[in-house]
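For reference, the structure is listed below as structure tokens.
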Amino acid sequence: MVLKILIFPLLALFLSSGCSSDDGRPADDGPQGGSGGGSPQPEYADVSVVSFNIRVDNSAQDGANRWSERRAAAVNMLQREKPIVMGLQEAQAHQITWLARSCTDYAWYGLGRDTGTPPPETDAYAREETMAIFWREAEAELLDKGTFWLSETPGEVSKLPSADYRRTCTWGLFRLRATGTRFYFFNTHLATETIPRGEQIGILIANMKRINDKRLPAFLTGDFNAETDEAAFAPLLAYLSDARAAATLSDNRATWNDYGQATGSKKYDHVFFLSGRCVARQFRVLTDDYGAPYISDHYPVKALFGLQK
């Protein structure tokens, strides 16, 4: 794969706006661009998304990088990058509460992976993790939502026999307020072990196809705990495109940093998209200084897409 290492423009390149309309056709109805012969070129609306493994609040293990030392930086990242939609992994109830109170222009949805219930608003430590979705309410409206488990019984709180923990995928159907364009957003966190990870990818694809049966534009964010050259990713890449590889402007930086202790270039955090009426414009690993040495043990990733009008 050809690596695209580029110097990114300033934040202006990542300003998001909604300016398209949904014409009701199937989303994956052909390649991007005009057909030539003087045909008008299609117009696109910008949609920016972020995937962020926020890292659970583990004060005993993380020391100076504990959540209380990183939470202001997490807020700064969201306020500076201003994605229309963001997928969080490992988010605990008190972390979600902090972000929601600090960033009131965002709404959120998610169910706890161990109870299947909405995490409570709380300032107290809460152990359960949620694959939460945050969205900017002024720009996007939530039309439908749900959570399924990456198991043999996706509609129930459950896990694969081979998996370490219960794993979920949270999804939402959104409409851009400016024009009515609809798109799906899926957010997940896969197992650390190879065998269950492959099984979870199969379950993920089957349920994405079931939910998005009209093939509207769709995005998938998450911590996949592996790079895309792993064999298990083949069916996923047959269904979706990798924003890191497809974007006109991109980088190839690692996303797993382990608070500066990680070795090699481990790209575990990804953004995928259903092509057709969607093009990847930019992809960036967010290594900026948001007010803490490390915002998490993972760097967030951000992608900018164009949705065809």
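Every chain in the structure tokens takes a letter, A first, then B, and so on in the order presented; its residues are numbered from 1, and the ligands are numbered from 1 following the presented order.
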
field: Surrounding residues of A:Arg281 excluding itself and chain neighbours under 2 positions, 10 Å, only C-alpha atoms, as a PyMOL selection string
entry: chain A and resi 13-14+46-48+243-244+246-250+278-279+283+303-306

message: Show me, as a ChimeraX atom specification, the residues that have an atom within 9 Å of A:Arg71 when counting only C-alpha atoms, minus same-chain residues fewer than 3 positions from it.
response: /A:66-68,74-76,95,98-99,292,295

task: Please run DSSP on the backbone and report, as a PyMOL selection string, all residues within stretch 74-297 of chain A that come out as strand (DSSP E).
output: chain A and resi 85-89+91-92+106-109+129-130+133-136+140-149+168-176+182-189+218-223+241-242+269-273+278-285

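The nearest approach to A:Leu240 among the residues A:Ser102, A:Arg136, A:Val157, A:Ile201, with only C-alpha atoms taken into account, belongs to A:Ile201.
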
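Closest approach to A:Glu227 among A:Lys214, A:His189, A:Arg253, A:Lys267: A:Lys267, based on only C-alpha atoms.
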
Please identify all polymer residues within 9 Å of A:Ile133, counting only C-alpha atoms, omitting same-chain residues fewer than 4 positions from it, and present them as a short mmCIF file (atom, residue, chain, number, x, y, z; two decimals) with all heavy atoms, in the first residue's frame.
data_model
loop_
_atom_site.label_atom_id
_atom_site.label_comp_id
_atom_site.auth_asym_id
_atom_site.auth_seq_id
_atom_site.Cartn_x
_atom_site.Cartn_y
_atom_site.Cartn_z
N VAL A 85 -19.85 14.08 14.24
CA VAL A 85 -20.13 12.87 15.02
C VAL A 85 -18.81 12.30 15.53
O VAL A 85 -17.79 12.33 14.84
CB VAL A 85 -20.86 11.79 14.18
CG1 VAL A 85 -21.37 10.67 15.09
CG2 VAL A 85 -22.00 12.38 13.38
N MET A 86 -18.83 11.77 16.75
CA MET A 86 -17.65 11.16 17.35
C MET A 86 -18.04 9.84 18.00
O MET A 86 -19.05 9.75 18.71
CB MET A 86 -17.03 12.08 18.41
CG MET A 86 -15.85 11.45 19.16
SD MET A 86 -15.05 12.58 20.35
CE MET A 86 -16.34 12.72 21.60
N GLY A 87 -17.21 8.82 17.79
CA GLY A 87 -17.38 7.54 18.46
C GLY A 87 -16.34 7.38 19.55
O GLY A 87 -15.14 7.54 19.31
N LEU A 88 -16.80 7.07 20.78
CA LEU A 88 -15.91 6.84 21.91
C LEU A 88 -15.83 5.35 22.21
O LEU A 88 -16.83 4.64 22.13
CB LEU A 88 -16.42 7.56 23.16
CG LEU A 88 -16.34 9.08 23.23
CD1 LEU A 88 -16.92 9.55 24.56
CD2 LEU A 88 -14.91 9.56 23.08
N ALA A 107 -24.95 16.12 21.94
CA ALA A 107 -25.78 15.12 22.60
C ALA A 107 -25.09 13.77 22.45
O ALA A 107 -24.14 13.63 21.67
CB ALA A 107 -27.17 15.08 21.97
N TRP A 108 -25.55 12.78 23.18
CA TRP A 108 -24.89 11.48 23.10
C TRP A 108 -25.87 10.35 23.32
O TRP A 108 -26.97 10.53 23.85
CB TRP A 108 -23.74 11.39 24.12
CG TRP A 108 -24.20 11.35 25.56
CD1 TRP A 108 -24.46 12.43 26.37
CD2 TRP A 108 -24.47 10.18 26.34
NE1 TRP A 108 -24.87 12.00 27.60
CE2 TRP A 108 -24.89 10.63 27.61
CE3 TRP A 108 -24.40 8.82 26.08
CZ2 TRP A 108 -25.24 9.74 28.63
CZ3 TRP A 108 -24.76 7.94 27.09
CH2 TRP A 108 -25.15 8.40 28.36
N TYR A 109 -25.44 9.15 22.89
CA TYR A 109 -26.23 7.93 23.09
C TYR A 109 -25.28 6.75 23.25
O TYR A 109 -24.20 6.71 22.63
CB TYR A 109 -27.16 7.66 21.91
CG TYR A 109 -27.64 6.22 21.86
CD1 TYR A 109 -28.58 5.75 22.79
CD2 TYR A 109 -27.12 5.32 20.94
CE1 TYR A 109 -28.98 4.41 22.79
CE2 TYR A 109 -27.52 3.99 20.93
CZ TYR A 109 -28.45 3.54 21.85
OH TYR A 109 -28.85 2.22 21.85
N GLY A 110 -25.69 5.78 24.06
CA GLY A 110 -24.97 4.53 24.20
C GLY A 110 -25.57 3.69 25.31
O GLY A 110 -26.29 4.21 26.18
N THR A 170 -22.45 0.43 18.80
CA THR A 170 -23.51 1.43 18.93
C THR A 170 -23.70 2.10 17.58
O THR A 170 -22.73 2.40 16.89
CB THR A 170 -23.12 2.48 19.98
OG1 THR A 170 -22.86 1.83 21.23
CG2 THR A 170 -24.24 3.50 20.18
N TRP A 171 -24.96 2.32 17.20
CA TRP A 171 -25.20 2.94 15.90
C TRP A 171 -26.29 4.01 15.99
O TRP A 171 -27.11 4.02 16.90
CB TRP A 171 -25.59 1.90 14.85
CG TRP A 171 -26.88 1.15 15.14
CD1 TRP A 171 -27.00 -0.02 15.83
CD2 TRP A 171 -28.20 1.53 14.75
NE1 TRP A 171 -28.31 -0.40 15.90
CE2 TRP A 171 -29.08 0.53 15.24
CE3 TRP A 171 -28.72 2.61 14.04
CZ2 TRP A 171 -30.45 0.59 15.04
CZ3 TRP A 171 -30.09 2.67 13.84
CH2 TRP A 171 -30.93 1.68 14.34
N GLY A 172 -26.23 4.93 15.04
CA GLY A 172 -27.25 5.97 14.93
C GLY A 172 -27.50 6.29 13.47
O GLY A 172 -26.59 6.21 12.64
N PHE A 185 -24.01 5.95 11.36
CA PHE A 185 -22.73 6.00 12.05
C PHE A 185 -22.68 4.82 13.01
O PHE A 185 -23.57 4.66 13.85
CB PHE A 185 -22.58 7.32 12.80
CG PHE A 185 -21.22 7.52 13.43
CD1 PHE A 185 -20.20 8.14 12.72
CD2 PHE A 185 -20.96 7.10 14.72
CE1 PHE A 185 -18.96 8.35 13.30
CE2 PHE A 185 -19.72 7.29 15.30
CZ PHE A 185 -18.71 7.92 14.59
N PHE A 186 -21.65 3.98 12.88
CA PHE A 186 -21.45 2.82 13.74
C PHE A 186 -20.13 2.99 14.50
O PHE A 186 -19.15 3.49 13.95
CB PHE A 186 -21.38 1.54 12.89
CG PHE A 186 -22.64 1.21 12.15
CD1 PHE A 186 -22.92 1.80 10.92
CD2 PHE A 186 -23.56 0.30 12.67
CE1 PHE A 186 -24.09 1.49 10.22
CE2 PHE A 186 -24.72 -0.02 11.98
CZ PHE A 186 -24.99 0.59 10.76
N ASN A 187 -20.12 2.55 15.75
CA ASN A 187 -18.94 2.70 16.60
C ASN A 187 -18.73 1.44 17.42
O ASN A 187 -19.68 0.93 18.04
CB ASN A 187 -19.12 3.91 17.53
CG ASN A 187 -17.95 4.09 18.47
OD1 ASN A 187 -16.80 4.16 18.04
ND2 ASN A 187 -18.24 4.17 19.77
#

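Near A:Arg284, within a cut-off of 6 Å and counting only C-alpha atoms, sit the residues A:Ser250, A:Asp251, A:Val301, A:Lys302, with same-chain residues fewer than 6 positions away left out.
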
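Between A:Asp114 and the residues A:Ala231, A:Ala64, A:Leu142, A:Met131, the shortest atom-to-atom distance, using only C-alpha atoms, involves A:Met131.
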